[in-house]
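J.: Just model_25.cif, nothing more (mmCIF, C-alpha atoms and all ligand atoms):
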```cif
data_final
loop_
_atom_site.label_atom_id
_atom_site.label_comp_id
_atom_site.auth_asym_id
_atom_site.auth_seq_id
_atom_site.Cartn_x
_atom_site.Cartn_y
_atom_site.Cartn_z
CA PRO A 1 -12.67 -12.69 -14.61
CA ASP A 2 -11.57 -9.68 -12.62
CA ARG A 3 -7.93 -8.75 -12.64
CA ILE A 4 -6.75 -7.10 -9.42
CA LEU A 5 -3.90 -4.62 -9.25
CA SER A 6 -2.35 -3.45 -6.01
CA GLY A 7 0.73 -1.37 -5.40
CA ILE A 8 3.05 -0.44 -2.59
CA GLN A 9 5.80 2.16 -2.46
CA PRO A 10 9.29 1.05 -1.42
CA THR A 11 9.60 4.07 0.88
CA GLY A 12 10.67 2.04 3.89
CA VAL A 13 9.95 -1.17 5.74
CA LEU A 14 6.45 -2.61 5.65
CA HIS A 15 4.65 -1.64 8.87
CA ILE A 16 1.67 -3.27 10.52
CA GLY A 17 -0.65 -0.61 9.04
CA ASN A 18 0.42 -1.66 5.54
CA TYR A 19 0.13 -5.30 6.53
CA PHE A 20 -3.34 -5.26 8.09
CA GLY A 21 -4.65 -2.40 5.95
CA ALA A 22 -3.51 -3.78 2.61
CA VAL A 23 -1.12 -6.70 2.16
CA LYS A 24 -3.08 -9.26 4.18
CA ASN A 25 -6.09 -8.58 2.00
CA TRP A 26 -4.04 -9.00 -1.19
CA VAL A 27 -2.85 -12.37 0.11
CA ASP A 28 -6.47 -13.42 0.82
CA LEU A 29 -7.48 -12.38 -2.70
CA GLN A 30 -4.55 -14.32 -4.17
CA ASN A 31 -5.42 -17.38 -2.11
CA SER A 32 -9.03 -17.30 -3.25
CA ASN A 33 -7.74 -17.74 -6.80
CA HIS A 34 -8.03 -14.19 -8.04
CA ASP A 35 -5.75 -12.92 -10.75
CA VAL A 36 -3.54 -10.58 -8.68
CA LEU A 37 -0.77 -8.24 -9.81
CA CYS A 38 1.31 -6.82 -7.00
CA ALA A 39 3.51 -3.87 -7.97
CA ILE A 40 6.40 -2.37 -6.07
CA VAL A 41 5.80 1.16 -7.29
CA ASP A 42 9.26 2.67 -7.12
CA LEU A 43 8.39 5.53 -9.49
CA HIS A 44 5.74 6.75 -7.07
CA SER A 45 8.23 6.74 -4.23
CA MET A 46 10.26 9.39 -6.07
CA THR A 47 7.54 12.04 -5.74
CA LEU A 48 8.73 12.98 -2.26
CA PRO A 49 12.37 13.49 -1.24
CA TYR A 50 14.15 10.10 -1.03
CA ASP A 51 17.63 8.62 -0.87
CA PRO A 52 18.66 6.90 -4.15
CA GLN A 53 21.40 5.01 -2.28
CA LYS A 54 18.78 3.30 -0.13
CA LEU A 55 16.20 2.58 -2.83
CA PRO A 56 17.62 -0.78 -4.04
CA GLN A 57 17.73 -2.08 -0.45
CA HIS A 58 14.18 -0.85 0.15
CA ILE A 59 12.96 -2.59 -3.00
CA LEU A 60 14.69 -5.82 -2.00
CA LEU A 61 13.31 -5.67 1.53
CA MET A 62 9.83 -4.83 0.26
CA ALA A 63 9.88 -7.83 -2.10
CA ALA A 64 11.14 -10.10 0.71
CA SER A 65 8.49 -8.73 3.08
CA LEU A 66 5.65 -9.18 0.60
CA ILE A 67 6.68 -12.78 -0.07
CA SER A 68 7.04 -13.42 3.66
CA CYS A 69 3.56 -12.04 4.29
CA GLY A 70 2.17 -14.56 1.81
CA ILE A 71 2.40 -13.05 -1.68
CA ASP A 72 3.39 -16.12 -3.70
CA PRO A 73 5.35 -15.16 -6.83
CA GLU A 74 4.07 -18.35 -8.50
CA LYS A 75 0.44 -17.34 -7.98
CA SER A 76 0.57 -13.53 -8.15
CA ILE A 77 2.57 -11.36 -10.52
CA LEU A 78 5.02 -9.58 -8.21
CA PHE A 79 6.93 -6.94 -10.17
CA LEU A 80 8.88 -3.70 -10.23
CA GLN A 81 6.98 -0.80 -11.81
CA SER A 82 9.95 1.11 -13.25
CA GLU A 83 11.06 -1.93 -15.26
CA VAL A 84 7.79 -1.97 -17.23
CA PRO A 85 8.17 1.14 -19.41
CA GLN A 86 4.56 1.00 -20.66
CA HIS A 87 3.44 2.51 -17.32
CA THR A 88 5.12 5.82 -18.06
CA GLN A 89 4.28 5.68 -21.77
CA LEU A 90 0.60 5.25 -21.03
CA CYS A 91 0.82 7.87 -18.28
CA TRP A 92 1.82 10.41 -20.93
CA ILE A 93 -1.08 9.52 -23.21
CA LEU A 94 -3.50 9.72 -20.27
CA SER A 95 -2.09 13.14 -19.39
CA THR A 96 -3.61 14.35 -22.64
CA CYS A 97 -7.02 13.17 -21.43
CA THR A 98 -7.35 15.30 -18.29
CA THR A 99 -6.62 18.83 -17.10
CA LEU A 100 -4.26 20.47 -14.69
CA ARG A 101 -7.24 21.85 -12.80
CA ARG A 102 -8.68 18.36 -12.27
CA LEU A 103 -5.38 17.15 -10.76
CA ALA A 104 -4.93 20.18 -8.53
CA GLN A 105 -8.36 19.47 -6.99
CA LEU A 106 -7.28 16.09 -5.62
CA PRO A 107 -6.99 16.37 -1.83
CA GLN A 108 -3.81 14.28 -1.52
CA TYR A 109 -1.81 16.87 -3.41
CA SER A 110 -2.64 19.68 -1.02
CA GLU A 111 -2.11 17.39 1.98
CA LYS A 112 1.26 16.08 0.84
CA SER A 113 2.57 19.38 -0.51
CA GLU A 114 1.54 21.41 2.53
CA TYR A 115 4.91 21.09 4.28
CA LEU A 116 7.08 21.18 1.18
CA GLU A 117 8.79 24.31 0.03
CA LYS A 118 8.93 23.15 -3.57
CA PRO A 119 6.40 20.40 -4.27
CA LEU A 120 7.41 18.44 -7.35
CA LEU A 121 5.44 18.15 -10.55
CA GLY A 122 5.49 14.38 -9.99
CA LEU A 123 3.52 14.83 -6.77
CA LEU A 124 0.73 16.54 -8.68
CA TRP A 125 0.93 14.12 -11.56
CA TYR A 126 1.26 10.78 -9.81
CA PRO A 127 -2.49 9.96 -9.79
CA VAL A 128 -2.24 9.83 -13.60
CA LEU A 129 0.64 7.35 -13.28
CA GLN A 130 -1.55 5.38 -10.86
CA ALA A 131 -4.28 5.34 -13.49
CA ALA A 132 -1.73 4.05 -16.01
CA ASP A 133 -0.65 1.37 -13.50
CA ILE A 134 -4.23 0.11 -13.52
CA LEU A 135 -5.12 0.56 -17.18
CA VAL A 136 -1.98 -0.93 -18.65
CA TYR A 137 -3.21 -4.28 -17.21
CA LYS A 138 -6.90 -3.50 -17.81
CA ALA A 139 -7.36 -4.27 -14.12
CA THR A 140 -10.98 -4.11 -12.97
CA ARG A 141 -10.76 -4.40 -9.18
CA ILE A 142 -8.43 -2.25 -7.10
CA PRO A 143 -7.89 -2.67 -3.36
CA VAL A 144 -7.91 0.88 -2.01
CA GLY A 145 -7.79 2.77 1.22
CA LYS A 146 -10.35 5.56 1.67
CA ASP A 147 -7.68 8.15 0.80
CA GLN A 148 -7.30 6.61 -2.66
CA VAL A 149 -10.95 6.68 -3.72
CA GLN A 150 -10.62 9.99 -5.57
CA HIS A 151 -7.67 8.60 -7.49
CA LEU A 152 -9.72 5.65 -8.65
CA GLN A 153 -12.44 8.09 -9.72
CA LEU A 154 -9.82 9.94 -11.74
CA ALA A 155 -8.75 6.65 -13.36
CA ASN A 156 -12.36 5.98 -14.33
CA ALA A 157 -12.76 9.52 -15.68
CA LEU A 158 -9.66 8.90 -17.80
CA VAL A 159 -11.20 5.65 -19.08
CA ARG A 160 -14.34 7.54 -20.10
CA THR A 161 -12.42 10.29 -21.87
CA PHE A 162 -10.02 7.91 -23.62
CA ASN A 163 -12.79 5.58 -24.76
CA LEU A 164 -14.83 8.52 -26.07
CA LYS A 165 -11.89 10.03 -27.91
CA TYR A 166 -10.40 6.87 -29.36
CA GLY A 167 -13.02 4.12 -29.10
CA GLU A 168 -13.78 1.49 -26.49
CA THR A 169 -10.41 0.36 -25.09
CA PHE A 170 -10.27 0.27 -21.30
CA PRO A 171 -12.67 -1.20 -18.74
CA HIS A 172 -13.79 0.76 -15.68
CA SER A 173 -12.48 -0.43 -12.35
CA LYS A 174 -14.15 -0.82 -9.00
CA PRO A 175 -12.64 -0.43 -5.54
CA ILE A 176 -12.21 -3.30 -3.11
CA PHE A 177 -12.43 -1.91 0.40
CA ASN A 178 -10.52 -3.63 3.12
CA PRO A 179 -12.71 -6.11 4.97
CA ASN A 180 -10.34 -6.23 7.95
CA ASN A 181 -11.10 -4.20 11.02
CA ALA A 182 -7.89 -2.26 10.70
CA ALA A 183 -8.89 0.06 7.88
CA ARG A 184 -6.51 2.66 9.28
CA ILE A 185 -3.91 1.94 11.89
CA ARG A 186 -2.70 5.18 13.39
CA SER A 187 0.65 6.48 14.55
CA LEU A 188 1.74 5.32 18.01
CA ILE A 189 3.02 8.78 18.83
CA ASP A 190 0.27 10.92 17.34
CA PRO A 191 -2.79 8.66 17.06
CA THR A 192 -4.70 11.33 15.15
CA LYS A 193 -2.43 10.62 12.14
CA LYS A 194 -2.08 7.37 10.21
CA MET A 195 0.88 5.08 10.73
CA SER A 196 3.30 5.82 7.90
CA LYS A 197 6.52 4.31 6.50
CA SER A 198 8.13 7.63 5.76
CA PHE A 199 7.25 9.47 8.98
CA PRO A 200 10.61 10.50 10.48
CA ASP A 201 10.11 9.09 13.99
CA PRO A 202 10.47 5.26 13.84
CA ASN A 203 8.71 5.03 17.23
CA SER A 204 5.51 6.07 15.48
CA ARG A 205 5.18 2.69 13.77
CA ILE A 206 5.80 -1.02 14.19
CA ASP A 207 7.69 -2.44 11.26
CA ILE A 208 7.03 -6.07 10.51
CA THR A 209 10.76 -6.69 10.98
CA ASP A 210 10.96 -5.17 14.48
CA PRO A 211 12.41 -7.66 16.99
CA PRO A 212 10.38 -8.43 20.17
CA ASP A 213 12.21 -6.00 22.47
CA LEU A 214 11.78 -3.16 19.99
CA ILE A 215 8.06 -3.93 19.62
CA ALA A 216 7.80 -3.85 23.42
CA SER A 217 9.65 -0.56 23.76
CA LYS A 218 7.64 1.10 20.97
CA LEU A 219 4.36 -0.01 22.50
CA LYS A 220 5.58 1.21 25.90
CA LEU A 221 6.12 4.64 24.39
CA ALA A 222 2.75 4.58 22.61
CA ASN A 223 0.61 7.54 23.50
CA LEU A 224 -2.42 6.15 25.38
CA GLU A 225 -3.55 9.56 26.68
CA SER A 226 -3.27 8.41 30.31
CA THR A 227 -6.36 6.29 29.95
CA LEU A 228 -6.87 3.81 32.75
CA SER A 229 -9.51 1.60 31.23
CA ILE A 230 -9.95 -0.27 27.97
CA VAL A 231 -12.51 1.94 26.29
CA TYR A 232 -12.98 2.20 22.56
CA ASP A 233 -13.65 5.79 21.56
CA PRO A 234 -11.50 6.97 18.62
CA GLN A 235 -12.67 10.58 19.02
CA THR A 236 -11.73 11.20 22.62
CA ARG A 237 -9.26 8.35 23.16
CA PRO A 238 -7.53 7.77 19.86
CA GLY A 239 -4.44 6.15 21.44
CA VAL A 240 -6.10 3.37 23.39
CA SER A 241 -8.60 2.91 20.54
CA ASN A 242 -5.68 2.42 18.17
CA LEU A 243 -4.27 -0.23 20.51
CA ILE A 244 -7.66 -1.99 20.54
CA GLU A 245 -7.86 -1.79 16.73
CA MET A 246 -4.40 -3.31 16.40
CA HIS A 247 -5.40 -6.06 18.80
CA SER A 248 -8.56 -6.70 16.81
CA ALA A 249 -6.56 -6.87 13.56
CA LEU A 250 -3.99 -9.20 15.12
CA THR A 251 -6.57 -11.62 16.47
CA GLY A 252 -9.16 -11.29 13.71
CA ARG A 253 -11.79 -10.58 16.37
CA GLN A 254 -14.36 -7.80 16.48
CA ILE A 255 -13.50 -4.65 18.44
CA SER A 256 -16.55 -5.17 20.67
CA GLU A 257 -15.43 -8.71 21.52
CA VAL A 258 -11.93 -7.54 22.40
CA CYS A 259 -13.29 -4.74 24.60
CA GLN A 260 -15.63 -7.13 26.36
CA GLU A 261 -12.93 -9.69 27.11
CA PHE A 262 -10.35 -7.21 28.38
CA LYS A 263 -12.59 -4.68 30.08
CA ASP A 264 -11.23 -5.55 33.52
CA PHE A 265 -7.58 -5.26 32.54
CA ASP A 266 -5.65 -2.20 33.60
CA ILE A 267 -3.99 -0.39 30.76
CA GLU A 268 -0.45 -1.62 31.47
CA ARG A 269 -1.53 -5.24 31.52
CA TYR A 270 -3.47 -4.70 28.35
CA ARG A 271 -0.45 -3.08 26.70
CA GLU A 272 1.58 -6.19 27.58
CA THR A 273 -1.11 -8.49 26.20
CA VAL A 274 -1.14 -6.68 22.85
CA THR A 275 2.68 -6.72 22.81
CA GLU A 276 2.71 -10.50 23.23
CA VAL A 277 0.17 -11.06 20.47
CA MET A 278 2.06 -8.69 18.18
CA VAL A 279 5.38 -10.45 18.81
CA GLU A 280 3.85 -13.90 18.19
CA THR A 281 2.03 -12.80 15.03
CA LEU A 282 5.14 -11.26 13.51
CA ARG A 283 7.54 -14.04 14.52
CA PRO A 284 6.92 -16.40 11.55
CA ILE A 285 6.93 -13.49 9.09
CA GLN A 286 10.25 -12.28 10.47
CA SER A 287 11.94 -15.64 10.26
CA GLU A 288 10.80 -15.89 6.64
CA VAL A 289 12.16 -12.38 5.89
CA ASP A 290 15.52 -13.39 7.42
CA ARG A 291 15.59 -16.60 5.42
CA LEU A 292 14.83 -14.78 2.17
CA LEU A 293 17.34 -12.01 2.75
CA ASN A 294 19.99 -14.73 2.93
CA ASN A 295 18.91 -15.73 -0.56
CA LYS A 296 18.86 -12.45 -2.48
CA GLU A 297 19.24 -14.27 -5.80
CA TYR A 298 15.87 -15.92 -5.25
CA ILE A 299 14.15 -12.58 -4.54
CA ILE A 300 15.71 -10.91 -7.55
CA SER A 301 14.90 -13.81 -9.82
CA ALA A 302 11.27 -13.87 -8.58
CA LEU A 303 10.98 -10.12 -9.23
CA LYS A 304 12.50 -10.50 -12.70
CA LYS A 305 10.12 -13.30 -13.64
CA GLY A 306 7.13 -11.31 -12.38
CA THR A 307 8.30 -8.21 -14.22
CA GLN A 308 8.55 -10.21 -17.45
CA LYS A 309 4.98 -11.50 -17.04
CA ALA A 310 3.76 -7.96 -16.34
CA THR A 311 5.61 -6.63 -19.38
CA ASP A 312 3.95 -9.22 -21.64
CA ILE A 313 0.50 -7.96 -20.63
CA ALA A 314 1.50 -4.28 -20.71
CA ALA A 315 3.07 -4.59 -24.17
CA ASP A 316 -0.18 -5.99 -25.55
CA THR A 317 -2.17 -3.08 -24.14
CA TRP A 318 0.37 -0.57 -25.42
CA ARG A 319 0.12 -2.02 -28.93
CA SER A 320 -3.65 -1.66 -28.98
CA VAL A 321 -3.41 1.87 -27.52
CA THR A 322 -1.01 3.08 -30.21
CA GLU A 323 -3.28 1.65 -32.89
CA LYS A 324 -6.11 3.75 -31.49
CA THR A 325 -4.09 6.91 -30.95
CA GLY A 326 -2.33 6.73 -34.33
CA ASN A 327 1.23 6.20 -33.08
CA HIS A 328 1.62 2.80 -34.71
CA LEU A 329 3.03 3.62 -38.18
CA ILE A 330 6.40 1.91 -37.83
CA LYS A 331 5.32 -0.91 -35.52
N1 LIG B 401 -1.75 3.24 8.66
C1 LIG B 401 -2.30 2.48 7.75
N2 LIG B 401 -3.36 1.70 8.09
C2 LIG B 401 -3.93 0.90 7.15
N3 LIG B 401 -3.51 0.82 5.89
C3 LIG B 401 -2.47 1.57 5.51
N4 LIG B 401 -1.80 1.72 4.33
C4 LIG B 401 -0.80 2.60 4.51
N5 LIG B 401 -0.79 3.06 5.76
C5 LIG B 401 -1.80 2.43 6.42
C6 LIG B 401 -2.10 1.00 3.10
O1 LIG B 401 -0.90 0.40 2.64
C7 LIG B 401 -0.92 0.33 1.22
C8 LIG B 401 0.41 0.73 0.66
O2 LIG B 401 0.64 2.06 0.85
P1 LIG B 401 1.69 2.87 -0.01
O3 LIG B 401 3.04 2.33 0.21
O4 LIG B 401 1.28 2.95 -1.42
O5 LIG B 401 1.63 4.34 0.54
P2 LIG B 401 0.88 4.95 1.73
O6 LIG B 401 -0.57 4.63 1.73
O7 LIG B 401 1.21 6.39 1.68
O8 LIG B 401 1.58 4.19 2.94
P3 LIG B 401 2.59 4.75 3.99
O9 LIG B 401 3.04 3.63 4.84
O10 LIG B 401 2.03 5.95 4.68
O11 LIG B 401 3.81 5.17 3.09
P4 LIG B 401 4.43 6.59 2.88
O12 LIG B 401 4.94 7.02 4.21
O13 LIG B 401 5.54 6.34 1.91
O14 LIG B 401 3.40 7.53 2.33
C9 LIG B 401 -2.06 1.20 0.74
O15 LIG B 401 -3.09 0.35 0.28
C10 LIG B 401 -2.50 1.94 1.97
O16 LIG B 401 -3.90 2.19 1.97
#
```
Translate the structure of the given file into structure tokens.
T.:
Amino acid sequence: PDRILSGIQPTGVLHIGNYFGAVKNWVDLQNSNHDVLCAIVDLHSMTLPYDPQKLPQHILLMAASLISCGIDPEKSILFLQSEVPQHTQLCWILSTCTTLRRLAQLPQYSEKSEYLEKPLLGLLWYPVLQAADILVYKATRIPVGKDQVQHLQLANALVRTFNLKYGETFPHSKPIFNPNNAARIRSLIDPTKKMSKSFPDPNSRIDITDPPDLIASKLKLANLESTLSIVYDPQTRPGVSNLIEMHSALTGRQISEVCQEFKDFDIERYRETVTEVMVETLRPIQSEVDRLLNNKEYIISALKKGTQKATDIAADTWRSVTEKTGNHLIK
């Protein structure tokens, strides 16, 4: 059976883009009895400037949010990447199976390093760590956004090279594209960019923990390019189209259906409608987050148990890797 690995960086609070674009799908996979590993990838979150003081709180909140959104630590393996050392060990071995040139060609590096004075080596290298995240569990299906497809191709190239060099060891993995309508929810302030946890302006996103009045004020500020009618056209009206996409994701209805039903609404009334649906959809998740944050011991114990289960699998893979690569003498 397929093993599915998904990861999320603890770079901030889960926003509705993460929820509809990724987490909801992981929950559906888990609930249809797939073997799901869900990693909080804290090592990846260190590739851009971050605050070490805030990281533990972000990890805790991310774990609480994932559980509140439906990741069940009894069904899925919910774990913390940095506590499973085989990820970085395998990352090193995989680094000897690709070239600097191949990594520098990946578009995410140039996009993410564009505004940085001194981009870190980790930023260039992290797709290899992502490959290790997958291969250390021999995962075969990976939920990905379109921006991650090249990284999955790199992982498969690494599988080919490793297997050729050392003998058949790792399986190839295939992407799972998000079936939800909200493949990409965009920033409320600049709807030509994606909604992002680490974007400095908090008004650009709706966090799943935002209380109703904050959701309302953020949606009030949302850039709808002075559109008067409810027209879906992401090219010329990215703001109102983003609002329609969020509405479609929230209700699970097709964009065309939503447009048809609300075509006679003026934009302010429509904005209020989406606000109400957003508030109601997030309400149960938020009360669960609050409940869990009052029980930190439970979250930490769930993460520890998951991390132990992950380590058991990763240790097995690592043993077989070292036998192939010749590092096993004193095992
Ligand atoms: N705006 C989005 N719309 C739909 N899906 C999204 N994802 C992220 N933003 C959107 C999906 O969320 C998953 C987890 O992402 P990640 O934490 O690994 O990093 P990311 O993709 O870089 O997400 P962010 O929120 O933009 O974080 P930062 O600001 O730290 O870079 C992924 O599956 C992603 O596709």
J.: Could you name the residues that touch Ala314 of chain A at 9 Å or less, counting only C-alpha atoms, but leaving out those on the same chain fewer than 2 positions away, as a PyMOL selection string?
T.: chain A and resi 84-87+135-138+309-312+316-319
J.: Box along x, y and z, 4 Å on every side, all listed atoms of segment 229-241 of chain A inside: centre and edge lengths in Å to one decimal, as lines of an AutoDock Vina configuration file.
T.:
```
center_x = -9.0
center_y = 5.5
center_z = 24.9
size_x = 17.2
size_y = 19.5
size_z = 20.6
```
J.: How would you write, as a PDB file with C-alpha atoms, in the frame of the given file, the set of residues no farther than 8 Å from ligand LIG 401 (chain B) when counting only C-alpha atoms and all ligand atoms?
T.:
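See pocket-v1.pdb below for the written result:
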```
ATOM      1  CA  SER A   6      -2.350  -3.450  -6.010  1.00  0.00           C
ATOM      2  CA  GLY A   7       0.730  -1.370  -5.400  1.00  0.00           C
ATOM      3  CA  ILE A   8       3.050  -0.440  -2.590  1.00  0.00           C
ATOM      4  CA  GLN A   9       5.800   2.160  -2.460  1.00  0.00           C
ATOM      5  CA  PRO A  10       9.290   1.050  -1.420  1.00  0.00           C
ATOM      6  CA  THR A  11       9.600   4.070   0.880  1.00  0.00           C
ATOM      7  CA  GLY A  12      10.670   2.040   3.890  1.00  0.00           C
ATOM      8  CA  LEU A  14       6.450  -2.610   5.650  1.00  0.00           C
ATOM      9  CA  HIS A  15       4.650  -1.640   8.870  1.00  0.00           C
ATOM     10  CA  ILE A  16       1.670  -3.270  10.520  1.00  0.00           C
ATOM     11  CA  GLY A  17      -0.650  -0.610   9.040  1.00  0.00           C
ATOM     12  CA  ASN A  18       0.420  -1.660   5.540  1.00  0.00           C
ATOM     13  CA  TYR A  19       0.130  -5.300   6.530  1.00  0.00           C
ATOM     14  CA  PHE A  20      -3.340  -5.260   8.090  1.00  0.00           C
ATOM     15  CA  GLY A  21      -4.650  -2.400   5.950  1.00  0.00           C
ATOM     16  CA  ALA A  22      -3.510  -3.780   2.610  1.00  0.00           C
ATOM     17  CA  VAL A  23      -1.120  -6.700   2.160  1.00  0.00           C
ATOM     18  CA  VAL A  41       5.800   1.160  -7.290  1.00  0.00           C
ATOM     19  CA  SER A  45       8.230   6.740  -4.230  1.00  0.00           C
ATOM     20  CA  PRO A 143      -7.890  -2.670  -3.360  1.00  0.00           C
ATOM     21  CA  VAL A 144      -7.910   0.880  -2.010  1.00  0.00           C
ATOM     22  CA  GLY A 145      -7.790   2.770   1.220  1.00  0.00           C
ATOM     23  CA  LYS A 146     -10.350   5.560   1.670  1.00  0.00           C
ATOM     24  CA  ASP A 147      -7.680   8.150   0.800  1.00  0.00           C
ATOM     25  CA  GLN A 148      -7.300   6.610  -2.660  1.00  0.00           C
ATOM     26  CA  ALA A 182      -7.890  -2.260  10.700  1.00  0.00           C
ATOM     27  CA  ALA A 183      -8.890   0.060   7.880  1.00  0.00           C
ATOM     28  CA  ARG A 184      -6.510   2.660   9.280  1.00  0.00           C
ATOM     29  CA  ILE A 185      -3.910   1.940  11.890  1.00  0.00           C
ATOM     30  CA  ARG A 186      -2.700   5.180  13.390  1.00  0.00           C
ATOM     31  CA  SER A 187       0.650   6.480  14.550  1.00  0.00           C
ATOM     32  CA  LYS A 194      -2.080   7.370  10.210  1.00  0.00           C
ATOM     33  CA  MET A 195       0.880   5.080  10.730  1.00  0.00           C
ATOM     34  CA  SER A 196       3.300   5.820   7.900  1.00  0.00           C
ATOM     35  CA  LYS A 197       6.520   4.310   6.500  1.00  0.00           C
ATOM     36  CA  SER A 198       8.130   7.630   5.760  1.00  0.00           C
ATOM     37  CA  PHE A 199       7.250   9.470   8.980  1.00  0.00           C
TER      38      PHE A 199
END
```
J.: Which of these, A:Ile189, A:Pro202, A:His44, A:Ile176, has the shortest distance to Val128 of chain A once you count all atoms listed in the file?
T.: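 Distance minimum relative to Val128 of chain A lands on A:His44.
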J.: When you look at Ser241 of chain A with a cut-off of 8 Å (counting only C-alpha atoms), what residues show up, excluding the ones that are within fewer than 5 positions of it in the same chain? I need them as an mmCIF file with C-alpha atoms, in the frame of the given file.
T.:
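File produced: selection.cif:
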```cif
data_model
loop_
_atom_site.group_PDB
_atom_site.id
_atom_site.type_symbol
_atom_site.label_atom_id
_atom_site.label_comp_id
_atom_site.auth_asym_id
_atom_site.auth_seq_id
_atom_site.Cartn_x
_atom_site.Cartn_y
_atom_site.Cartn_z
ATOM 1 C CA VAL A 231 -12.510 1.940 26.290
ATOM 2 C CA TYR A 232 -12.980 2.200 22.560
ATOM 3 C CA ASP A 233 -13.650 5.790 21.560
ATOM 4 C CA PRO A 234 -11.500 6.970 18.620
#
```
J.: At what distance in Å, to one decimal, does atom CA of Arg101 of chain A lie from atom CA of Val149 of chain A?
T.: 18.1 Å
J.: Please provide as a PyMOL selection string all residues within 12 Å of Asn295 of chain A, with the sequence filter that same-chain residues fewer than 6 positions apart are discarded (counting all atoms listed in the file).
T.: chain A and resi 60-61+64+288-289+301-302
J.: For a quick check of understanding, using all atoms listed in the file, which of A:Ala104, A:Leu55, A:Val13, A:Leu37 has the smallest distance to Lys75 of chain A?
T.: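 Using all atoms listed in the file, the shortest distance to Lys75 of chain A belongs to A:Leu37.
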J.: Do you have the atom CA of Gly122 of chain A-atom CA of Ile134 of chain A distance handy?
T.: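 So the answer is 17.6 Å.
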J.: Would you work out the distance separating atom CA of Leu303 of chain A from atom CA of Ala315 of chain A, expressed in Å to one decimal?
T.: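 These two atoms are separated by 17.8 Å.
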